[in-house]
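Worksheet for the structure shown next.
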Number of protein chains: 2
Amino acid sequence: MMKLNILGCHSATPLENAHTTSQVLQIKDHLFLIDCGEGTQIQLRNQKVKFSRIKHIFISHLHGDHFYGLVGLISTFRLLGRVADLHVYGPKGIKEVITLQLKLAQSWTNYDLFFHELEQKESELIFEDDSLAVRTIPLDHRIYTNGFLFEEKPGLRRLDKEKMKHYNIQYYDYQNLKLGKDIVLEDGSVLKNETVTLAPHPIKRYAFCSDTAYNTSIVSLIKNVDLLYHEATFLDAHQNLAEKTKHSTAAQAAKIAQLAEVKQLVLGHFSSRYKDKGEFLNEASPIFDKVALAADGKTFDI
Amino acid sequence: MMKLNILGCHSATPLENAHTTSQVLQIKDHLFLIDCGEGTQIQLRNQKVKFSRIKHIFISHLHGDHFYGLVGLISTFRLLGRVADLHVYGPKGIKEVITLQLKLAQSWTNYDLFFHELEQKESELIFEDDSLAVRTIPLDHRIYTNGFLFEEKPGLRRLDKEKMKHYNIQYYDYQNLKLGKDIVLEDGSVLKNETVTLAPHPIKRYAFCSDTAYNTSIVSLIKNVDLLYHEATFLDAHQNLAEKTKHSTAAQAAKIAQLAEVKQLVLGHFSSRYKDKGEFLNEASPIFDKVALAADGKTFDI
């Protein structure tokens with residue numbers, strides 16, 4: 001199961017009830033933090049996230065509304081006596097700016113802090129373990145920016161309990177069956193794997209795309225994802241502003257979702273100029289109807 | 001009139017209802033911001049401060065709970081289309097860390113931003129105009145830290161309206177009288193200034209002292225101030241922690257207030273370990289009874 005918790009989904013400037021970009025992705029045994037606008041540590045507490053469990057933080061780009069809360073969170077981890085390693089993935093420069101602040105404060109972390117600086121313009125694998133992988137999604141913004149694709153790896157085949165009994169299969173054959181291998185029965189006959197196992201649970205994929213101009217080159221990377229979070233800073237009326245600032249409109253986000261045939265679209269990164277967020281739905285849903293709006297504190301099961 | 005607005009008065013880590021250090025001092029025509037912990041820009045909005053009027057920001061030291069909100073505020077000023085100059089006074093290093101972040105974001109301010117970096121260990125005059133002066137108060141903390149003394153200049157003598165009529169004094173003599181000079185009447189006699197004028201309004205002085213260990217060397221600088229804000233991170237039970245971290249207890253803050261014979265003491269910078277803030281009053285008031293507790297959102301007329 002994947003679960004997405006929106007901590008903030010507004011652009012530019014934090015307000016009391018409109019936090020800048022940050023979200024927590026619960027996937028397998030991980031709690032990943034994606035972007036970290038000012039005040040993210042307060043939102044993590046408000047949302048009752050067990051944030052000491054966060055070991056990996058992914059920063060899309062170095063505009064303040066996506067990372068000004070990072071140094072404060074790193075400092076708070078220190079004050080809370082963290083010992084676990086922390087890995088930060090973000091654009092080149094992020095290490096210098098964070099370490100400069102720790103140096104000026106003479107407050108080095110008492111845990112190991114690793115920076116994985118990104119500068120490639122092609123999608124790259126940046127994290128991998130037995131159960132999942134994370135890849136960058138190069139975006140088209142005013143400064144170097146990546147989205148992130150979180151992808152589970154296929155699990156093992158599942159044993160059919162009834163069939164285990166029926167064929168009197170011994171436990172020491174289970175692992176071979178889970179790995180998809182056929183086995184030899186006591187009478188010397190070969191038992192085909194698919195006779196007694198079920199397909200693995202389907203893998204889940206989540207794509208985070210913020211901030212970006214309308215950019216169809218990401219479509220192949222995010223094809224068929226279970227959930228696409230795509231920025232929609234503007235409405236149609238301000239398409240000129242979207243172009244100028246390299247942001248997207250709600251309709252453009254919907255078009256990307258349609259082209260990529262994603263299962264669900266969530267819009268976010270709203271400009272504060274719009275009081276009625278319902279307009280984003282109105283403009284997106286004629287193009288792609290499996291669409292929802294992000295909101296601070298909202299969660300999505302993937 | 002001076003008015004102090006506490007935006008945050010808690011130490012270490014911001015919580016939803018416990019903001020880190022920041023305060024606004026309204027004095028003469030100025031709105032001064034003192035320290036700027038993470039989320040200060042949100043508190044400025046919550047407290048309905050007309051924060052575009054802030055032209056001078058004073059940063060005591062480069063621990064995160066006193067300045068992590070500065071870069072966000074500077075960025076927000078840019079987004080709001082600010083044109084007025086902004087002056088930042090703070091320890092050496094503050095310019096590098098702020099400008100590095102603006103550079104990485106490729107988001108230079110569209111207003112002029114001036115840094116006045118401090119590194120002197122003696123008190124120095126850092127701001128002055130016709131009506132007031134600001135001086136540093138060197139403090140004793142783990143890193144280079146200054147408090148700030150805000151001091152009005154004596155105003156002009158005030159004209160006694162009845163006496164103006166009685167002596168038939170002409171308006172072109174008013175300025176001489178305000179400046180304390182005697183004037184010559186039409187009959188050739190000399191009119192002594194004090195016969196027709198009143199003393200200027202008394203000047204007001206405010207001293208901000210956070211963060212600091214117990215340090216009597218500041219007493220002469222803050223002698224008789226109208227209001228002293230002094231940090232009281234700990235209670236007596238944790239005096240050892242206060243010594244180790246170079247902070248003060250409530251009793252030590254009260255002792256400084258007593259030695260300096262200040263008119264009023266406000267305690268702040270409370271550690272989050274204490275749920276009952278009333279204990280700070282209980283420990284301070286036997287030593288100095290004109291004492292109050294800071295609280296986020298509280299204002300003090302000086």
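Starting from 1 in every chain, residues are counted up; chains themselves are A, B, ... following the order of the structure tokens, and ligands are numbered from 1 as listed.
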Subject >> Close residues, Gln106 in chain B itself excluded, 10 Å, only C-alpha atoms, min 4 positions apart in chain, as an NGL selection string >> reply: (:A and (62-63 or 142-143)) or (:B and (100-102))
Could you turn the residues from that selection into a file that holds C-alpha atoms, as a PDB file, in the first residue's frame?
ATOM      1  CA  LEU A  62      15.731  25.351  -4.870  1.00  0.00           C
ATOM      2  CA  HIS A  63      12.887  27.859  -4.934  1.00  0.00           C
ATOM      3  CA  ARG A 142      12.854  28.474 -14.501  1.00  0.00           C
ATOM      4  CA  ILE A 143      15.641  26.715 -12.598  1.00  0.00           C
TER       5      ILE A 143
ATOM      6  CA  LEU B 100      23.602  32.137  -1.637  1.00  0.00           C
ATOM      7  CA  GLN B 101      19.953  31.117  -1.337  1.00  0.00           C
ATOM      8  CA  LEU B 102      18.762  33.943  -3.575  1.00  0.00           C
TER       9      LEU B 102
END
Would you give me, as a CSV table (one decimal) with N, CA and C atoms, in the first residue's frame, the residues of chain A that come within 6 Å of chain B, using only C-alpha atoms?
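For reference, result-v7.csv as written:
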chain,number,residue,atom,x,y,z
A,15,LEU,N,1.0,30.8,4.1
A,15,LEU,CA,0.0,31.6,4.9
A,15,LEU,C,-0.4,30.6,6.0
A,16,GLU,N,-1.1,31.1,6.9
A,16,GLU,CA,-1.5,30.2,8.1
A,16,GLU,C,-2.3,29.0,7.6
A,39,GLY,N,8.1,25.9,7.3
A,39,GLY,CA,7.1,25.5,8.3
A,39,GLY,C,6.7,24.0,8.1
A,42,ILE,N,6.4,22.0,11.3
A,42,ILE,CA,5.2,22.3,12.1
A,42,ILE,C,4.0,21.4,11.5
A,62,LEU,N,15.3,24.5,-6.0
A,62,LEU,CA,15.7,25.4,-4.9
A,62,LEU,C,15.0,26.7,-4.8
A,63,HIS,N,13.7,26.7,-5.3
A,63,HIS,CA,12.9,27.9,-4.9
A,63,HIS,C,12.4,27.7,-3.5
A,105,ALA,N,25.9,28.3,12.5
A,105,ALA,CA,25.3,28.1,13.8
A,105,ALA,C,26.2,27.3,14.7
Subject >> Spatial neighbours of Ile27 in chain A, max dist 12 Å, only C-alpha atoms, sep filter under 3 positions, as number ranges by chain >> reply: A: 1-5, 24, 30-33, 54, 56, 131-134, 150-153, 203-206, 301-302
Please return as a PDB file with N, CA and C atoms, in the first residue's frame: the residues of range 151-278 of chain A that backbone DSSP assigns to strand (DSSP E).
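Output (selection_6.pdb):
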ATOM      1  N   GLU A 151       8.370   3.877  -7.499  1.00  0.00           N
ATOM      2  CA  GLU A 151       7.894   2.692  -8.187  1.00  0.00           C
ATOM      3  C   GLU A 151       8.197   1.454  -7.356  1.00  0.00           C
ATOM      4  N   GLU A 152       7.161   0.720  -6.991  1.00  0.00           N
ATOM      5  CA  GLU A 152       7.399  -0.544  -6.291  1.00  0.00           C
ATOM      6  C   GLU A 152       7.993  -1.560  -7.263  1.00  0.00           C
ATOM      7  N   ARG A 158       2.336 -15.431  -5.147  1.00  0.00           N
ATOM      8  CA  ARG A 158       1.672 -15.783  -3.887  1.00  0.00           C
ATOM      9  C   ARG A 158       1.230 -17.252  -3.917  1.00  0.00           C
ATOM     10  N   LEU A 159       1.463 -17.956  -2.812  1.00  0.00           N
ATOM     11  CA  LEU A 159       1.110 -19.378  -2.746  1.00  0.00           C
ATOM     12  C   LEU A 159      -0.403 -19.543  -2.572  1.00  0.00           C
ATOM     13  N   ILE A 183       8.427 -27.046  -9.654  1.00  0.00           N
ATOM     14  CA  ILE A 183       9.088 -27.974  -8.733  1.00  0.00           C
ATOM     15  C   ILE A 183       8.798 -29.424  -9.167  1.00  0.00           C
ATOM     16  N   VAL A 184       9.612 -30.339  -8.665  1.00  0.00           N
ATOM     17  CA  VAL A 184       9.439 -31.766  -8.971  1.00  0.00           C
ATOM     18  C   VAL A 184       8.752 -32.436  -7.782  1.00  0.00           C
ATOM     19  N   VAL A 190       6.725 -33.062 -12.924  1.00  0.00           N
ATOM     20  CA  VAL A 190       6.992 -31.622 -12.764  1.00  0.00           C
ATOM     21  C   VAL A 190       5.677 -30.884 -12.551  1.00  0.00           C
ATOM     22  N   LEU A 191       5.653 -30.090 -11.473  1.00  0.00           N
ATOM     23  CA  LEU A 191       4.458 -29.285 -11.205  1.00  0.00           C
ATOM     24  C   LEU A 191       4.723 -27.867 -11.701  1.00  0.00           C
ATOM     25  N   THR A 197       0.310 -21.251  -7.810  1.00  0.00           N
ATOM     26  CA  THR A 197       0.580 -19.892  -7.286  1.00  0.00           C
ATOM     27  C   THR A 197      -0.298 -18.864  -7.996  1.00  0.00           C
ATOM     28  N   LEU A 198      -0.393 -17.743  -7.348  1.00  0.00           N
ATOM     29  CA  LEU A 198      -1.138 -16.605  -7.893  1.00  0.00           C
ATOM     30  C   LEU A 198      -0.149 -15.506  -8.268  1.00  0.00           C
ATOM     31  N   ARG A 205       2.700   2.815  -8.567  1.00  0.00           N
ATOM     32  CA  ARG A 205       3.649   3.859  -8.978  1.00  0.00           C
ATOM     33  C   ARG A 205       3.048   5.233  -8.737  1.00  0.00           C
ATOM     34  N   TYR A 206       3.869   6.098  -8.178  1.00  0.00           N
ATOM     35  CA  TYR A 206       3.436   7.469  -7.887  1.00  0.00           C
ATOM     36  C   TYR A 206       4.408   8.451  -8.539  1.00  0.00           C
ATOM     37  N   ALA A 207       3.866   9.440  -9.238  1.00  0.00           N
ATOM     38  CA  ALA A 207       4.707  10.466  -9.871  1.00  0.00           C
ATOM     39  C   ALA A 207       4.387  11.840  -9.298  1.00  0.00           C
ATOM     40  N   PHE A 208       5.440  12.524  -8.849  1.00  0.00           N
ATOM     41  CA  PHE A 208       5.324  13.880  -8.307  1.00  0.00           C
ATOM     42  C   PHE A 208       5.931  14.839  -9.328  1.00  0.00           C
ATOM     43  N   CYS A 209       5.140  15.743  -9.859  1.00  0.00           N
ATOM     44  CA  CYS A 209       5.627  16.677 -10.887  1.00  0.00           C
ATOM     45  C   CYS A 209       5.304  18.121 -10.531  1.00  0.00           C
ATOM     46  N   LEU A 227      -0.953   7.184  -9.482  1.00  0.00           N
ATOM     47  CA  LEU A 227      -1.315   8.548  -9.081  1.00  0.00           C
ATOM     48  C   LEU A 227      -0.273   9.513  -9.640  1.00  0.00           C
ATOM     49  N   LEU A 228      -0.774  10.563 -10.257  1.00  0.00           N
ATOM     50  CA  LEU A 228       0.082  11.659 -10.717  1.00  0.00           C
ATOM     51  C   LEU A 228      -0.300  12.912  -9.945  1.00  0.00           C
ATOM     52  N   TYR A 229       0.679  13.470  -9.203  1.00  0.00           N
ATOM     53  CA  TYR A 229       0.498  14.806  -8.625  1.00  0.00           C
ATOM     54  C   TYR A 229       1.145  15.758  -9.615  1.00  0.00           C
ATOM     55  N   HIS A 230       0.359  16.642 -10.185  1.00  0.00           N
ATOM     56  CA  HIS A 230       0.891  17.586 -11.168  1.00  0.00           C
ATOM     57  C   HIS A 230       0.520  18.993 -10.736  1.00  0.00           C
ATOM     58  N   GLU A 231       1.486  19.879 -10.822  1.00  0.00           N
ATOM     59  CA  GLU A 231       1.190  21.258 -10.452  1.00  0.00           C
ATOM     60  C   GLU A 231       0.166  21.870 -11.387  1.00  0.00           C
ATOM     61  N   LEU A 265      -5.355  11.673 -11.115  1.00  0.00           N
ATOM     62  CA  LEU A 265      -4.605  12.932 -11.137  1.00  0.00           C
ATOM     63  C   LEU A 265      -4.958  13.748  -9.897  1.00  0.00           C
ATOM     64  N   VAL A 266      -3.940  14.276  -9.238  1.00  0.00           N
ATOM     65  CA  VAL A 266      -4.173  15.219  -8.134  1.00  0.00           C
ATOM     66  C   VAL A 266      -3.492  16.536  -8.508  1.00  0.00           C
ATOM     67  N   LEU A 267      -4.246  17.612  -8.434  1.00  0.00           N
ATOM     68  CA  LEU A 267      -3.715  18.938  -8.757  1.00  0.00           C
ATOM     69  C   LEU A 267      -3.259  19.657  -7.491  1.00  0.00           C
ATOM     70  N   GLY A 268      -2.191  20.454  -7.622  1.00  0.00           N
ATOM     71  CA  GLY A 268      -1.710  21.228  -6.471  1.00  0.00           C
ATOM     72  C   GLY A 268      -0.877  22.410  -6.911  1.00  0.00           C
TER      73      GLY A 268
END
**OP:** Looking only at alpha helix (DSSP H) from DSSP on the backbone, list the matching residues of range 149-189 of chain B as a VMD selection string.
**Re:** chain B and resid 161 to 166 174 to 178
Go ahead and dump the residues you just picked, C-alpha atoms, as a CSV table (one decimal), in the first residue's frame.
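What follows is the written file again-v2.csv:
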chain,number,residue,atom,x,y,z
B,161,LYS,CA,-0.2,77.4,24.6
B,162,GLU,CA,-1.5,79.7,27.3
B,163,LYS,CA,1.9,81.4,27.7
B,164,MET,CA,2.1,81.8,23.9
B,165,LYS,CA,-1.1,83.9,24.0
B,166,HIS,CA,-0.2,85.7,27.3
B,174,TYR,CA,8.3,78.9,18.1
B,175,GLN,CA,11.3,77.0,16.8
B,176,ASN,CA,13.8,78.9,18.9
B,177,LEU,CA,11.7,78.2,22.0
B,178,LYS,CA,11.4,74.5,21.1
**OP:** Pick out the residues sitting within 8 Å of Gln264 in chain A, and hand them over as a PyMOL selection string; count only C-alpha atoms, and ignore anything fewer than 5 positions along from it in its own chain.
**Re:** chain A and resi 225-228+257+290-292
**OP:** Tell me, as a ChimeraX atom specification, which residues lie within 12 Å of range 215-219 of chain A, counting only C-alpha atoms; anything in the same chain fewer than 4 positions away does not count.
**Re:** /A:122-123,136-141,146-149,207-211,223-225,228,230-231,243,246-249,252-262
Subject >> Exercise: Leu7 in chain B partners within 7 Å, only C-alpha atoms, chain neighbours under 6 positions left out, as a ChimeraX atom specification >> reply: /B:22-23,43,296-297
**OP:** Report the distance between CA of Asn282 in chain B and CA of His269 in chain B in Å, rounded to one decimal place.
**Re:** 16.5 Å
